[in-house]
Amino acid sequence: MKLALTVHQVHRLTVLRPARPLRHAVLLDEDRSFDAYLDQEAARRIGALWELAAASPHALVHVPLRGNAVPASVGGGRRLDLVLVHHSLQFRPSRWKEVRGRLGAGRARTVEVGWRAPEIDHAAGRFRENRDLFHQHVHAETLFMTGSAKAFRDSARHLFELAPAPDGTHSCTELDPVGRARLVHFVSCEQW
């Protein structure tokens, strides 16, 4: 999949953002979970950005969502942006507000992002020494998903496999991170 990006440099930090806004996508903080309502195009594009985060350990992947409308069929919740970051970058979310304020126009770039279904060892997450876990932080109206390349690659399937409900019924998938991370609930929503 070809992905059009805007590349920003702030100090020595690279921030990658989708070149076109994802209009039919919203991320809500629902206290016990994070609920993402996405149409088919947004799910595929965010899945590609998830893969980009796996392949870009030296960059933040920023997905602006908090300004988007919430579908009429959905209740409330605090709207959030999303930042995907490789754990080796050791980015502190407390720096985000300053970085976001300095992004500027950036420069255009197109990348090719591929995806194939990974082989997942579901039992591995139970072991303390497993490093392929997500850590979550909410700061400056943004959910930070911090993890390893393997964690991003293995979980991208949740977005690529999200299909619209055939008759308007509920269609969703869940990313249930091990540890203290909260559930991320991806819901197919074609009616905006």
# chains A, B, ... in the order shown; residues from 1 in each chain; ligands from 1
call {"tool": "residues_around", "arguments": {"residues": "Asp29 in chain A", "least_positions_apart": "3", "cutoff": "12 Å", "atoms": "only C-alpha atoms", "output": "PDB file with C-alpha atoms, in the first residue's frame"}}
result
ATOM      1  CA  VAL A  26     -12.097   9.013  15.881  1.00  0.00           C
ATOM      2  CA  ARG A  32     -11.802   1.451  30.838  1.00  0.00           C
ATOM      3  CA  SER A  33     -10.871   1.216  27.174  1.00  0.00           C
ATOM      4  CA  PHE A  34      -9.890   3.253  24.162  1.00  0.00           C
ATOM      5  CA  ASP A  35     -12.529   3.005  21.420  1.00  0.00           C
ATOM      6  CA  ALA A  36     -11.576   3.747  17.816  1.00  0.00           C
ATOM      7  CA  TYR A  37     -14.441   4.157  15.333  1.00  0.00           C
ATOM      8  CA  ARG A  66      -9.205  14.580  18.020  1.00  0.00           C
ATOM      9  CA  GLY A  75     -21.838   8.149  22.856  1.00  0.00           C
ATOM     10  CA  GLY A  76     -19.370  10.518  24.433  1.00  0.00           C
ATOM     11  CA  GLY A  77     -15.828  10.173  25.568  1.00  0.00           C
ATOM     12  CA  ARG A  78     -12.775  12.388  25.376  1.00  0.00           C
ATOM     13  CA  ARG A  79     -11.401  12.601  21.829  1.00  0.00           C
ATOM     14  CA  LEU A  80      -7.695  11.847  21.451  1.00  0.00           C
ATOM     15  CA  ASP A  81      -4.951  11.943  18.848  1.00  0.00           C
ATOM     16  CA  LEU A  82      -2.733   8.871  18.461  1.00  0.00           C
ATOM     17  CA  HIS A 137       0.241   7.002  28.200  1.00  0.00           C
ATOM     18  CA  VAL A 138      -2.328   9.733  27.720  1.00  0.00           C
ATOM     19  CA  HIS A 139      -0.819  13.201  27.649  1.00  0.00           C
ATOM     20  CA  GLU A 141      -5.005  14.908  24.511  1.00  0.00           C
ATOM     21  CA  THR A 142      -2.979  12.145  22.856  1.00  0.00           C
ATOM     22  CA  LEU A 143      -2.768   8.379  23.370  1.00  0.00           C
ATOM     23  CA  ARG A 182      -5.976  -0.780  28.528  1.00  0.00           C
ATOM     24  CA  LEU A 183      -7.997  -2.510  25.853  1.00  0.00           C
ATOM     25  CA  VAL A 184      -8.107  -0.821  22.438  1.00  0.00           C
ATOM     26  CA  HIS A 185     -11.459  -1.522  20.782  1.00  0.00           C
TER      27      HIS A 185
END
call {"tool": "select_by_dssp", "arguments": {"residues": "range 5-176 of chain A", "states": "strand (DSSP E)", "output": "PyMOL selection string"}}
result
chain A and resi 5-10+13-18+25-29+33-38+59-63+78-86+107-112+135-139+142-147+172-175
call {"tool": "closest_residue", "arguments": {"among": "A:Leu38, A:Ala108, A:Ala59, A:Ala54", "to": "Pro18 in chain A", "atoms": "only C-alpha atoms"}}
result
A:Ala108
call {"tool": "residues_around", "arguments": {"residues": "Gln191 in chain A", "least_positions_apart": "6", "cutoff": "10 Å", "atoms": "only C-alpha atoms", "output": "PyMOL selection string"}}
result
chain A and resi 24+38-39+71-73+168
call {"tool": "closest_residue", "arguments": {"among": "A:Arg107, A:Lys97, A:Arg92, A:Arg45", "to": "Val7 in chain A", "atoms": "only C-alpha atoms"}}
result
A:Arg107
call {"tool": "select_by_dssp", "arguments": {"residues": "range 30-167 of chain A", "states": "alpha helix (DSSP H)", "output": "PyMOL selection string"}}
result
chain A and resi 40-55+96-101+149-155+157-160
call {"tool": "write_last_selection", "arguments": {"atoms": "N, CA and C atoms", "output": "compact mmCIF listing (two decimals), in the first residue's frame"}}
result
# COMPACT_ATOMS: atom_id res chain seq x y z
N GLN A 40 -13.72 1.83 6.56
CA GLN A 40 -12.78 0.87 5.98
C GLN A 40 -11.47 1.51 5.53
N GLU A 41 -11.55 2.67 4.89
CA GLU A 41 -10.33 3.34 4.43
C GLU A 41 -9.45 3.76 5.61
N ALA A 42 -10.06 4.32 6.63
CA ALA A 42 -9.29 4.76 7.80
C ALA A 42 -8.64 3.57 8.49
N ALA A 43 -9.33 2.45 8.59
CA ALA A 43 -8.75 1.26 9.22
C ALA A 43 -7.52 0.79 8.45
N ARG A 44 -7.61 0.75 7.12
CA ARG A 44 -6.46 0.33 6.31
C ARG A 44 -5.30 1.32 6.45
N ARG A 45 -5.61 2.61 6.42
CA ARG A 45 -4.54 3.62 6.51
C ARG A 45 -3.88 3.61 7.89
N ILE A 46 -4.67 3.46 8.95
CA ILE A 46 -4.07 3.40 10.29
C ILE A 46 -3.29 2.10 10.44
N GLY A 47 -3.76 1.00 9.85
CA GLY A 47 -3.00 -0.24 9.85
C GLY A 47 -1.64 -0.05 9.18
N ALA A 48 -1.63 0.68 8.06
CA ALA A 48 -0.37 0.97 7.37
C ALA A 48 0.53 1.85 8.24
N LEU A 49 -0.05 2.80 8.96
CA LEU A 49 0.74 3.63 9.88
C LEU A 49 1.29 2.80 11.03
N TRP A 50 0.53 1.81 11.49
CA TRP A 50 0.98 0.89 12.53
C TRP A 50 2.21 0.12 12.03
N GLU A 51 2.14 -0.34 10.76
CA GLU A 51 3.29 -1.02 10.14
C GLU A 51 4.48 -0.06 9.99
N LEU A 52 4.19 1.19 9.65
CA LEU A 52 5.24 2.20 9.52
C LEU A 52 5.95 2.40 10.85
N ALA A 53 5.20 2.38 11.95
CA ALA A 53 5.81 2.51 13.28
C ALA A 53 6.75 1.34 13.56
N ALA A 54 6.40 0.15 13.08
CA ALA A 54 7.27 -1.02 13.26
C ALA A 54 8.57 -0.86 12.48
N ALA A 55 8.48 -0.23 11.31
CA ALA A 55 9.65 -0.08 10.44
C ALA A 55 10.43 1.21 10.68
N TRP A 96 5.57 16.05 24.30
CA TRP A 96 4.76 16.07 23.10
C TRP A 96 4.14 17.43 22.80
N LYS A 97 3.61 18.09 23.79
CA LYS A 97 2.92 19.37 23.53
C LYS A 97 3.86 20.37 22.86
N GLU A 98 5.09 20.44 23.32
CA GLU A 98 6.07 21.34 22.72
C GLU A 98 6.40 20.90 21.29
N VAL A 99 6.64 19.60 21.10
CA VAL A 99 6.97 19.08 19.77
C VAL A 99 5.81 19.34 18.81
N ARG A 100 4.59 19.03 19.22
CA ARG A 100 3.41 19.22 18.36
C ARG A 100 3.27 20.69 17.96
N GLY A 101 3.57 21.60 18.87
CA GLY A 101 3.46 23.03 18.59
C GLY A 101 4.50 23.53 17.60
N ALA A 149 9.00 -3.23 17.55
CA ALA A 149 8.60 -3.46 16.16
C ALA A 149 7.71 -4.68 16.06
N LYS A 150 8.02 -5.72 16.80
CA LYS A 150 7.21 -6.95 16.78
C LYS A 150 5.81 -6.68 17.31
N ALA A 151 5.69 -5.90 18.36
CA ALA A 151 4.36 -5.60 18.92
C ALA A 151 3.52 -4.84 17.90
N PHE A 152 4.11 -3.87 17.20
CA PHE A 152 3.36 -3.13 16.19
C PHE A 152 3.00 -4.03 15.01
N ARG A 153 3.97 -4.81 14.54
CA ARG A 153 3.74 -5.68 13.39
C ARG A 153 2.66 -6.72 13.69
N ASP A 154 2.74 -7.35 14.86
CA ASP A 154 1.78 -8.39 15.23
C ASP A 154 0.37 -7.83 15.42
N SER A 155 0.25 -6.62 15.90
CA SER A 155 -1.08 -6.07 16.20
C SER A 155 -1.70 -5.30 15.04
N ARG A 157 -2.65 -6.40 12.38
CA ARG A 157 -3.71 -7.23 11.81
C ARG A 157 -5.09 -6.81 12.27
N HIS A 158 -5.19 -6.28 13.50
CA HIS A 158 -6.49 -5.86 14.01
C HIS A 158 -7.11 -4.80 13.11
N LEU A 159 -6.30 -3.97 12.52
CA LEU A 159 -6.81 -2.92 11.64
C LEU A 159 -7.05 -3.42 10.23
N PHE A 160 -6.15 -4.27 9.72
CA PHE A 160 -6.32 -4.79 8.37
C PHE A 160 -7.47 -5.79 8.28
